[in-house]
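**Student:** Sharing upload_37.cif here; it has mmCIF, C-alpha atoms.
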```
data_start
loop_
_atom_site.label_atom_id
_atom_site.label_comp_id
_atom_site.auth_asym_id
_atom_site.auth_seq_id
_atom_site.Cartn_x
_atom_site.Cartn_y
_atom_site.Cartn_z
CA MET A 65 73.92 -36.77 12.12
CA ASN A 66 70.31 -37.64 12.89
CA SER A 67 68.95 -38.08 16.42
CA THR A 68 68.83 -41.91 16.23
CA LYS A 69 72.49 -42.03 15.29
CA LYS A 70 73.30 -39.54 18.04
CA THR A 71 71.57 -41.76 20.58
CA LEU A 72 73.33 -44.86 19.26
CA PHE A 73 76.66 -43.09 19.49
CA ALA A 74 75.99 -41.88 23.04
CA GLN A 75 74.99 -45.41 24.11
CA ALA A 76 78.01 -47.06 22.48
CA MET A 77 80.30 -44.43 23.95
CA GLU A 78 78.92 -44.90 27.46
CA GLN A 79 79.46 -48.63 27.10
CA HIS A 80 83.03 -48.41 25.80
CA LYS A 81 84.35 -45.20 27.36
CA GLY A 82 86.80 -47.28 29.39
CA ILE A 83 88.83 -47.69 26.18
CA ILE A 84 89.48 -43.94 26.09
CA TYR A 85 90.50 -44.00 29.74
CA LYS A 86 92.99 -46.82 29.13
CA ILE A 87 94.48 -45.20 26.03
CA VAL A 88 94.92 -41.70 27.44
CA ASN A 89 96.46 -43.07 30.63
CA SER A 90 98.88 -45.13 28.57
CA TYR A 91 99.91 -42.34 26.20
CA CYS A 92 99.98 -39.27 28.42
CA GLN A 93 101.88 -38.47 31.57
CA ASN A 94 99.92 -35.57 33.01
CA LYS A 95 96.24 -34.85 33.61
CA ASP A 96 96.02 -31.86 31.26
CA ASP A 97 97.40 -33.88 28.35
CA ARG A 98 95.15 -36.83 29.20
CA GLU A 99 92.02 -34.67 29.09
CA ASP A 100 93.18 -32.93 25.94
CA LEU A 101 93.86 -36.25 24.21
CA ALA A 102 90.57 -37.74 25.45
CA GLN A 103 88.76 -34.73 23.97
CA GLU A 104 90.55 -35.19 20.62
CA VAL A 105 89.75 -38.90 20.57
CA LEU A 106 86.09 -38.36 21.44
CA THR A 107 85.52 -35.55 18.97
CA THR A 108 87.32 -37.47 16.19
CA MET A 109 85.06 -40.46 16.81
CA TRP A 110 82.01 -38.24 16.90
CA LEU A 111 82.94 -36.61 13.58
CA ALA A 112 83.84 -39.95 11.98
CA TYR A 113 80.78 -41.80 13.25
CA ASP A 114 78.82 -41.10 10.04
CA ASN A 115 81.28 -43.39 8.23
CA TYR A 116 81.15 -46.14 10.85
CA ASN A 117 80.43 -49.50 9.28
CA SER A 118 78.28 -51.53 11.68
CA ALA A 119 79.65 -54.75 10.17
CA TYR A 120 82.69 -54.15 12.43
CA LYS A 121 82.69 -54.28 16.21
CA PHE A 122 82.28 -50.79 17.70
CA SER A 123 85.13 -51.40 20.16
CA THR A 124 87.50 -52.37 17.31
CA TRP A 125 86.59 -49.24 15.34
CA MET A 126 86.95 -47.18 18.51
CA TYR A 127 90.38 -48.65 19.33
CA ARG A 128 91.62 -47.96 15.82
CA ILE A 129 90.55 -44.32 15.85
CA ALA A 130 91.69 -43.72 19.42
CA LEU A 131 95.12 -45.26 18.78
CA ASN A 132 95.54 -43.32 15.54
CA VAL A 133 94.74 -40.06 17.34
CA ALA A 134 96.95 -40.97 20.32
CA ILE A 135 99.93 -41.90 18.15
CA SER A 136 99.71 -38.72 16.09
CA TYR A 137 98.93 -36.61 19.15
CA TYR A 138 101.39 -33.81 19.61
CA ARG A 139 100.84 -30.94 21.91
CA LYS A 140 103.07 -27.90 22.18
CA ASP A 141 103.45 -26.52 25.71
CA SER A 142 102.22 -23.11 24.57
CA ARG A 143 98.81 -24.60 23.77
CA ARG A 144 98.23 -25.21 27.47
CA GLU A 145 97.53 -21.49 27.85
CA ASP A 146 94.48 -21.95 25.63
CA LYS A 147 93.07 -24.59 27.95
CA ALA A 148 91.07 -22.07 29.98
CA ASN A 149 89.22 -20.97 26.85
CA GLU A 150 88.35 -24.48 25.75
CA GLU A 151 85.03 -26.16 26.35
CA CYS A 152 85.45 -29.19 28.55
CA ILE A 153 83.73 -32.22 27.01
CA VAL A 154 85.45 -34.91 28.99
CA LYS A 155 86.69 -35.16 32.57
CA ILE A 156 89.11 -37.84 33.67
CA ALA A 157 89.92 -38.82 37.23
CA ASP A 158 93.57 -38.90 38.20
CA LEU A 159 94.97 -42.43 37.90
CA SER A 160 96.95 -42.10 41.15
CA GLN A 161 93.77 -41.22 43.03
CA GLU A 162 91.82 -44.19 41.72
CA ASP A 163 91.42 -46.54 44.66
CA GLU A 164 89.68 -49.06 42.48
CA SER A 165 92.73 -49.64 40.33
CA SER A 166 94.54 -52.66 41.61
CA GLU A 167 98.27 -52.67 42.17
CA ALA A 168 98.67 -55.00 39.17
CA VAL A 169 96.92 -52.53 36.86
CA LYS A 170 99.03 -49.64 38.17
CA GLN A 171 102.16 -51.70 37.54
CA LEU A 172 100.96 -52.41 34.02
CA TYR A 173 100.35 -48.71 33.34
CA ASP A 174 103.90 -48.00 34.56
CA PHE A 175 105.26 -50.64 32.23
CA ILE A 176 103.17 -49.53 29.24
CA GLY A 177 104.28 -45.95 29.89
CA GLN A 178 107.88 -47.01 29.20
CA LEU A 179 107.10 -48.57 25.80
CA ASP A 180 107.31 -46.67 22.52
CA LYS A 181 104.08 -45.50 20.86
CA LEU A 182 103.78 -48.52 18.60
CA ASN A 183 104.46 -51.13 21.26
CA LYS A 184 101.93 -49.36 23.50
CA ALA A 185 99.29 -49.91 20.81
CA ILE A 186 100.22 -53.60 20.45
CA MET A 187 100.20 -54.11 24.21
CA LEU A 188 96.82 -52.37 24.69
CA LEU A 189 95.17 -54.50 22.02
CA TYR A 190 96.80 -57.64 23.41
CA LEU A 191 95.58 -56.91 26.93
CA GLU A 192 92.04 -56.59 25.54
CA SER A 193 92.43 -60.19 24.28
CA GLU A 194 92.17 -59.03 20.70
CA PRO A 195 93.23 -61.95 18.43
CA TYR A 196 96.57 -61.60 16.64
CA GLU A 197 94.72 -61.25 13.31
CA GLY A 198 92.73 -58.35 14.71
CA ILE A 199 95.85 -56.65 16.06
CA ALA A 200 97.61 -57.17 12.72
CA SER A 201 94.66 -55.71 10.83
CA SER A 202 94.39 -52.67 13.16
CA LEU A 203 98.09 -52.00 12.89
CA GLY A 204 98.49 -52.83 9.21
CA ILE A 205 101.31 -55.32 9.80
CA SER A 206 101.55 -59.11 9.45
CA LYS A 207 100.27 -61.56 12.07
CA THR A 208 103.72 -63.13 12.42
CA ASN A 209 105.26 -59.78 13.23
CA VAL A 210 102.56 -59.10 15.82
CA ALA A 211 103.36 -62.42 17.49
CA THR A 212 107.10 -61.65 17.50
CA ARG A 213 106.55 -58.18 18.98
CA ILE A 214 104.22 -59.48 21.69
CA SER A 215 106.65 -62.19 22.68
CA ARG A 216 109.44 -59.59 22.97
CA ILE A 217 107.28 -57.27 25.07
CA LYS A 218 106.26 -60.15 27.33
CA HIS A 219 109.88 -61.15 27.77
CA THR A 220 110.88 -57.59 28.71
CA LEU A 221 108.04 -57.39 31.19
CA LYS A 222 108.96 -60.74 32.72
CA LEU A 223 112.55 -59.59 33.19
CA GLN A 224 111.33 -56.36 34.74
CA PHE A 225 109.16 -58.20 37.26
CA GLU A 226 111.95 -60.60 38.07
CA THR A 227 114.27 -57.68 38.78
CA GLN A 228 111.60 -56.06 40.96
CA ASP A 229 111.00 -59.27 42.92
CA SER A 230 114.67 -59.83 43.57
CA MET B 231 104.72 -63.55 36.79
CA ASN B 232 103.91 -62.74 33.15
CA VAL B 233 101.61 -60.45 31.16
CA ASP B 234 98.87 -63.08 30.90
CA ASN B 235 98.48 -63.02 34.69
CA PHE B 236 97.54 -59.35 34.39
CA LYS B 237 95.07 -59.73 31.54
CA SER B 238 92.00 -60.37 33.67
CA ALA B 239 92.86 -57.53 36.06
CA TRP B 240 93.28 -55.24 33.05
CA GLN B 241 89.96 -56.22 31.53
CA GLN B 242 88.14 -55.98 34.85
CA GLN B 243 89.22 -52.36 35.32
CA SER B 244 86.45 -51.43 32.86
CA THR B 245 83.98 -51.37 35.72
CA GLY B 246 86.26 -49.05 37.69
CA THR B 247 87.07 -46.81 34.75
CA HIS B 248 83.40 -46.19 34.08
CA SER B 249 83.15 -43.68 36.91
CA ALA B 250 86.63 -42.30 36.21
CA ILE B 251 85.61 -40.78 32.90
CA GLU B 252 82.74 -38.34 32.41
CA ILE B 253 81.54 -37.34 28.95
CA ASN B 254 79.39 -34.31 28.32
CA GLN B 255 77.28 -35.76 25.49
CA ALA B 256 75.32 -32.54 24.96
CA LYS B 257 78.49 -30.50 24.34
CA LEU B 258 79.94 -33.29 22.22
CA ALA B 259 76.89 -33.22 19.95
CA GLU B 260 77.55 -29.53 19.20
CA ILE B 261 81.08 -30.20 17.95
CA LYS B 262 81.55 -29.57 14.23
CA ILE B 263 85.35 -29.71 14.07
CA ASN B 264 88.23 -30.55 16.43
CA LYS B 265 91.85 -29.41 16.76
CA GLN B 266 93.40 -32.03 14.47
CA MET B 267 90.78 -31.50 11.79
CA LYS B 268 91.14 -27.72 12.14
CA ALA B 269 94.89 -28.12 11.60
CA LEU B 270 94.28 -30.33 8.56
CA ASN B 271 91.83 -27.79 7.09
CA LYS B 272 94.38 -25.04 7.63
CA MET B 273 96.98 -27.14 5.81
CA LYS B 274 94.57 -27.81 2.95
CA TRP B 275 93.95 -24.08 2.46
CA ALA B 276 97.68 -23.35 2.63
CA ARG B 277 98.27 -25.96 -0.11
CA ILE B 278 95.49 -24.45 -2.25
CA ILE B 279 97.11 -21.00 -1.96
CA GLU B 280 100.55 -22.46 -2.77
CA SER B 281 99.06 -24.24 -5.80
CA VAL B 282 97.70 -20.94 -7.08
CA VAL B 283 101.14 -19.34 -6.63
CA PHE B 284 102.80 -22.21 -8.53
CA LEU B 285 100.18 -21.92 -11.26
CA VAL B 286 100.80 -18.18 -11.62
CA ILE B 287 104.57 -18.85 -11.85
CA ILE B 288 103.99 -21.51 -14.55
CA ILE B 289 101.72 -19.19 -16.57
CA MET B 290 104.24 -16.33 -16.32
CA LEU B 291 107.12 -18.58 -17.37
CA TRP B 292 105.12 -19.95 -20.31
CA LYS B 293 104.26 -16.42 -21.41
CA TYR B 294 107.95 -15.55 -21.18
CA ILE B 295 108.89 -18.63 -23.24
CA ALA B 296 106.17 -18.00 -25.83
CA ALA B 297 107.17 -14.34 -26.20
CA GLY B 298 110.74 -15.11 -27.26
CA PHE B 299 110.88 -18.73 -28.29
CA THR B 300 114.49 -19.34 -29.42
CA PHE B 301 117.21 -21.79 -28.44
CA SER B 302 118.77 -19.33 -26.00
CA ALA B 303 120.04 -19.57 -22.42
CA PRO B 304 117.13 -17.52 -20.87
CA ILE B 305 114.50 -19.67 -22.62
CA ILE B 306 116.18 -22.94 -21.61
CA SER B 307 116.40 -21.50 -18.07
CA ALA B 308 112.68 -20.70 -18.15
CA PHE B 309 112.01 -24.33 -19.19
CA ILE B 310 114.06 -25.63 -16.28
CA LEU B 311 112.25 -23.38 -13.78
CA THR B 312 108.90 -24.42 -15.29
CA VAL B 313 109.74 -28.05 -14.60
CA PHE B 314 110.39 -27.18 -10.93
CA ALA B 315 107.15 -25.20 -10.71
CA ILE B 316 105.18 -28.11 -12.26
CA ILE B 317 106.72 -30.52 -9.74
CA GLY B 318 105.73 -28.10 -6.97
CA LEU B 319 102.17 -27.81 -8.29
CA ALA B 320 101.81 -31.60 -8.67
CA GLY B 321 103.10 -32.09 -5.13
CA ASN B 322 100.57 -29.59 -3.79
CA ILE B 323 97.68 -31.22 -5.64
CA GLY B 324 98.80 -34.58 -4.22
CA GLN B 325 98.79 -33.05 -0.74
CA ILE B 326 95.26 -31.67 -1.16
CA VAL B 327 94.02 -35.12 -2.23
CA LEU B 328 95.89 -36.77 0.64
CA ILE B 329 94.46 -34.38 3.26
CA SER B 330 90.94 -34.79 1.85
CA ASN B 331 91.22 -38.58 2.15
CA ILE B 332 92.48 -38.69 5.75
CA ASP B 333 90.50 -41.44 7.45
CA TYR B 334 91.12 -42.14 11.13
CA SER B 335 89.68 -45.63 10.88
CA LYS B 336 92.43 -46.75 8.49
CA PRO B 337 95.00 -49.25 9.83
CA ILE B 338 97.50 -47.40 12.02
CA SER B 339 100.52 -47.90 9.73
CA GLN B 340 98.61 -46.50 6.74
CA LEU B 341 97.23 -43.44 8.51
CA GLN B 342 100.56 -42.63 10.15
CA THR B 343 102.24 -42.85 6.71
CA ASP B 344 99.61 -40.46 5.32
CA PHE B 345 100.16 -38.10 8.26
CA TYR B 346 103.91 -38.22 7.74
CA HIS B 347 103.52 -37.27 4.08
CA VAL B 348 101.11 -34.45 4.95
CA CYS B 349 103.41 -33.07 7.64
CA ALA B 350 106.54 -33.55 5.51
CA HIS B 351 105.30 -30.99 2.98
CA LYS B 352 107.65 -28.27 4.25
CA LEU B 353 110.54 -30.73 3.98
CA GLN B 354 109.53 -31.58 0.40
CA LEU B 355 109.31 -27.88 -0.52
CA THR B 356 112.74 -27.28 0.99
CA LYS B 357 114.07 -30.25 -1.01
CA LEU B 358 112.56 -28.81 -4.19
CA LEU B 359 114.17 -25.46 -3.47
CA LEU B 360 117.52 -27.11 -2.76
CA MET B 361 117.21 -29.17 -5.95
CA SER B 362 117.06 -25.93 -7.92
CA VAL B 363 120.32 -24.67 -6.37
CA PRO B 364 122.55 -26.46 -8.94
CA PHE B 365 120.55 -24.62 -11.60
CA TYR B 366 121.30 -21.23 -10.05
CA LEU B 367 122.49 -19.93 -13.43
CA ALA B 368 118.92 -20.24 -14.72
CA TYR B 369 117.88 -17.48 -12.30
CA VAL B 370 120.88 -15.35 -13.38
CA PHE B 371 120.12 -15.74 -17.10
CA ILE B 372 116.42 -14.90 -16.70
CA GLY B 373 117.22 -12.02 -14.33
CA PHE B 374 119.65 -10.44 -16.79
CA ASP B 375 117.17 -10.85 -19.64
CA LEU B 376 114.23 -9.43 -17.66
CA PHE B 377 115.97 -6.50 -15.99
CA PHE B 378 118.62 -5.54 -18.56
CA GLY B 379 117.35 -7.19 -21.74
CA ILE B 380 120.68 -9.00 -22.11
CA ASP B 381 121.29 -12.66 -22.98
CA LEU B 382 124.31 -13.21 -20.74
CA TYR B 383 125.47 -16.49 -22.26
CA PRO B 384 127.27 -15.16 -25.39
CA TYR B 385 129.26 -12.78 -23.14
CA LEU B 386 130.61 -15.58 -20.96
CA GLU B 387 134.18 -16.69 -21.63
CA GLN B 388 134.94 -20.36 -22.23
CA HIS B 389 136.68 -20.87 -18.88
CA MET B 390 133.70 -19.26 -17.07
CA ILE B 391 131.29 -21.65 -18.83
CA TRP B 392 133.45 -24.56 -17.69
CA PHE B 393 133.61 -23.19 -14.16
CA TYR B 394 129.82 -22.74 -13.93
CA SER B 395 129.13 -26.13 -15.54
CA LEU B 396 131.48 -27.97 -13.18
CA SER B 397 130.25 -26.10 -10.10
CA SER B 398 126.64 -26.89 -11.09
CA LEU B 399 127.49 -30.56 -11.62
CA SER B 400 129.28 -30.78 -8.25
CA LEU B 401 126.38 -29.03 -6.55
CA PHE B 402 123.95 -31.39 -8.28
CA ILE B 403 125.79 -34.49 -7.01
CA VAL B 404 126.01 -33.10 -3.46
CA THR B 405 122.34 -32.02 -3.47
CA VAL B 406 121.05 -35.35 -4.79
CA TRP B 407 123.05 -37.22 -2.12
CA LEU B 408 121.92 -34.84 0.62
CA LEU B 409 118.26 -34.96 -0.37
CA ALA B 410 118.26 -38.75 -0.66
CA LYS B 411 119.58 -38.93 2.90
CA LEU B 412 116.96 -36.51 4.27
CA ASN B 413 114.43 -39.28 4.64
CA TYR B 414 112.60 -40.84 7.56
CA LYS B 415 114.53 -44.08 6.96
CA ASN B 416 117.70 -42.31 8.11
CA ILE B 417 116.16 -40.67 11.16
CA SER B 418 118.54 -42.60 13.44
CA LYS B 419 121.43 -40.53 12.03
CA GLU B 420 121.92 -37.48 14.23
CA TRP B 421 122.47 -34.99 11.40
CA VAL B 422 119.33 -36.16 9.54
CA LYS B 423 117.30 -35.89 12.73
CA ALA B 424 118.69 -32.41 13.48
CA SER B 425 118.06 -31.23 9.89
CA ILE B 426 114.45 -32.47 9.83
CA GLN B 427 113.88 -30.97 13.28
CA PHE B 428 115.32 -27.64 12.07
CA ILE B 429 113.37 -27.56 8.79
CA VAL B 430 109.99 -28.84 10.01
CA GLY B 431 110.06 -29.52 13.75
CA GLU B 432 110.11 -32.19 16.43
CA HIS B 433 106.67 -33.42 15.38
CA LEU B 434 107.97 -34.79 12.06
CA VAL B 435 110.94 -36.42 13.81
CA ASN B 436 108.49 -38.29 16.07
CA MET B 437 106.43 -39.36 13.07
CA ALA B 438 109.53 -40.49 11.19
CA GLU B 439 110.50 -42.62 14.19
CA ILE B 440 107.05 -44.24 14.21
CA LEU B 441 107.25 -45.03 10.47
CA ASN B 442 110.71 -46.44 11.04
CA SER B 443 109.38 -48.68 13.82
CA PHE B 444 106.75 -50.03 11.39
CA GLU B 445 109.40 -50.74 8.78
CA GLN B 446 111.64 -52.41 11.33
CA ILE B 447 108.78 -54.67 12.36
CA GLU B 448 108.02 -55.62 8.78
CA SER B 449 111.65 -56.28 7.95
#
```
Show me the file's structure as structure tokens.

**Tutor:**
Amino acid sequence: MNSTKKTLFAQAMEQHKGIIYKIVNSYCQNKDDREDLAQEVLTTMWLAYDNYNSAYKFSTWMYRIALNVAISYYRKDSRREDKANEECIVKIADLSQEDESSEAVKQLYDFIGQLDKLNKAIMLLYLESEPYEGIASSLGISKTNVATRISRIKHTLKLQFETQDS
Amino acid sequence: MNVDNFKSAWQQQSTGTHSAIEINQAKLAEIKINKQMKALNKMKWARIIESVVFLVIIIMLWKYIAAGFTFSAPIISAFILTVFAIIGLAGNIGQIVLISNIDYSKPISQLQTDFYHVCAHKLQLTKLLLMSVPFYLAYVFIGFDLFFGIDLYPYLEQHMIWFYSLSSLSLFIVTVWLLAKLNYKNISKEWVKASIQFIVGEHLVNMAEILNSFEQIES
């Protein structure tokens, strides 16, 4: 990768690094796993950046790669022992210690955490106001099915909030 | 309250998350390979080695066939085993191509399907091995010919031939049924889940469940 591309990547990453934060917090329960997944996502994007087609939005490309890595992410407990030997490329603050996160966002993370891997992906893209066509294209399913899934997730969430309120 | 009420709060967290994540760009620029790609490379090399083994088996079987080409039980057995070895070799070549074409920017359903097929290799090999069980006599015939120089078939009595034929046919039916069931589509069945977990591991069970979710959505 040449230096111009490196700079472009660094700039784009700085601008959109919040996506990584949202994905790792949605897919992983503990800090070690979150940092490990964030590192995998980042390095995968870095290594795939040569094939990035600038005709597409960087954030869409980034979401697709990050979700693909997150869904296929599997970490055996034994690998945690290797952590000390690994180079730390990314550091993530603990979600529970983030004062800036509003109560609503924390509630959403709790809800997303309960969804299966696929519904998590749909929900994350929906919350980013990605159009249904975009979600369907990122997931490789039809637009109608995206709409049905979203409506089901929304219904479940509504019921959950109603239960909480009562 | 519904999800749409949370959308703006969710999108606004970007400003907050900016300070919550730190990236060491200098270290990132030095990265040449990561864990997932390392694992894929390791798999690719394993498949290349397996392909060589299958190729050696095919060459040896062909040499054996060419050396004594007659319509005898050991030669027919060698043909049957060659077919299995060719299937194994073709499967391995397919795996090498699949691993080489892994692209993380593909739509999620496509990449997860590719990953499933890559990770299901051990399951496919086990299936291939199990598929050869009904043809167990092929190993016996070749073994007798190689080690003792005897074609066992003419020495078998009629009732033994019937017994072996019927047992092979029964085994074939059971194996075909069993192998057809050992598929990600049946992952909700406890015994399928347990078998896949035992043969390959929990990772493939998780992937099978994801593929199943995709199929459920599309159906």

**Student:** Selection in question (the file shown): the PyMOL selection byres ((chain B and resi 359) around 12). Which residues does it include, as a list of chain:residue names?

**Tutor:**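 With the PyMOL selection byres ((chain B and resi 359) around 12) on this model, the match is B:Leu311, B:Phe314, B:Ala315, B:Ile317, B:Gly318, B:Lys352, B:Leu353, B:Gln354, B:Leu355, B:Thr356, B:Lys357, B:Leu358, B:Leu360, B:Met361, B:Ser362, B:Val363, B:Pro364, B:Phe365, B:Tyr366, B:Thr405, B:Leu409.
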
**Student:** The selected residues should be written to file as a CSV table (one decimal), in the frame of the given file (atoms: C-alpha atoms).

**Tutor:**
```
chain,number,residue,atom,x,y,z
B,311,LEU,CA,112.2,-23.4,-13.8
B,314,PHE,CA,110.4,-27.2,-10.9
B,315,ALA,CA,107.2,-25.2,-10.7
B,317,ILE,CA,106.7,-30.5,-9.7
B,318,GLY,CA,105.7,-28.1,-7.0
B,352,LYS,CA,107.6,-28.3,4.2
B,353,LEU,CA,110.5,-30.7,4.0
B,354,GLN,CA,109.5,-31.6,0.4
B,355,LEU,CA,109.3,-27.9,-0.5
B,356,THR,CA,112.7,-27.3,1.0
B,357,LYS,CA,114.1,-30.2,-1.0
B,358,LEU,CA,112.6,-28.8,-4.2
B,360,LEU,CA,117.5,-27.1,-2.8
B,361,MET,CA,117.2,-29.2,-6.0
B,362,SER,CA,117.1,-25.9,-7.9
B,363,VAL,CA,120.3,-24.7,-6.4
B,364,PRO,CA,122.6,-26.5,-8.9
B,365,PHE,CA,120.6,-24.6,-11.6
B,366,TYR,CA,121.3,-21.2,-10.0
B,405,THR,CA,122.3,-32.0,-3.5
B,409,LEU,CA,118.3,-35.0,-0.4
```

**Student:** Using all atoms listed in the file - which residues lie no farther than 12 Å from the point (109.3, -57.0, 33.1) in the file's frame? Write them as a list of chain:residue names.

**Tutor:**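 Those residues, ordered by chain and then number, are A:Gln171, A:Leu172, A:Asp174, A:Phe175, A:Ile176, A:Gln178, A:Leu179, A:Ser215, A:Arg216, A:Ile217, A:Lys218, A:His219, A:Thr220, A:Leu221, A:Lys222, A:Leu223, A:Gln224, A:Phe225, A:Glu226, A:Thr227, A:Gln228, A:Asp229, B:Met231, B:Asn232, B:Val233.
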
**Student:** The PyMOL selection byres ((chain A) within 6 of (chain B)) - which residues does that actually catch in the file I just gave you? List them as a PyMOL selection string.

**Tutor:** chain A and resi 82+128-129+132+153-157+164+169+191+202-204+222

**Student:** Between A:Tyr127, A:Tyr137, A:Tyr85, A:Trp110, which has the minimum distance to Glu192 in chain A (counting all atoms listed in the file)?

**Tutor:** A:Tyr127

**Student:** Take the PyMOL selection byres ((chain B and resi 319) around 9), run it mentally on this structure, and tell me the resulting residues as a ChimeraX atom specification.

**Tutor:** /B:280-285,314-318,320-324
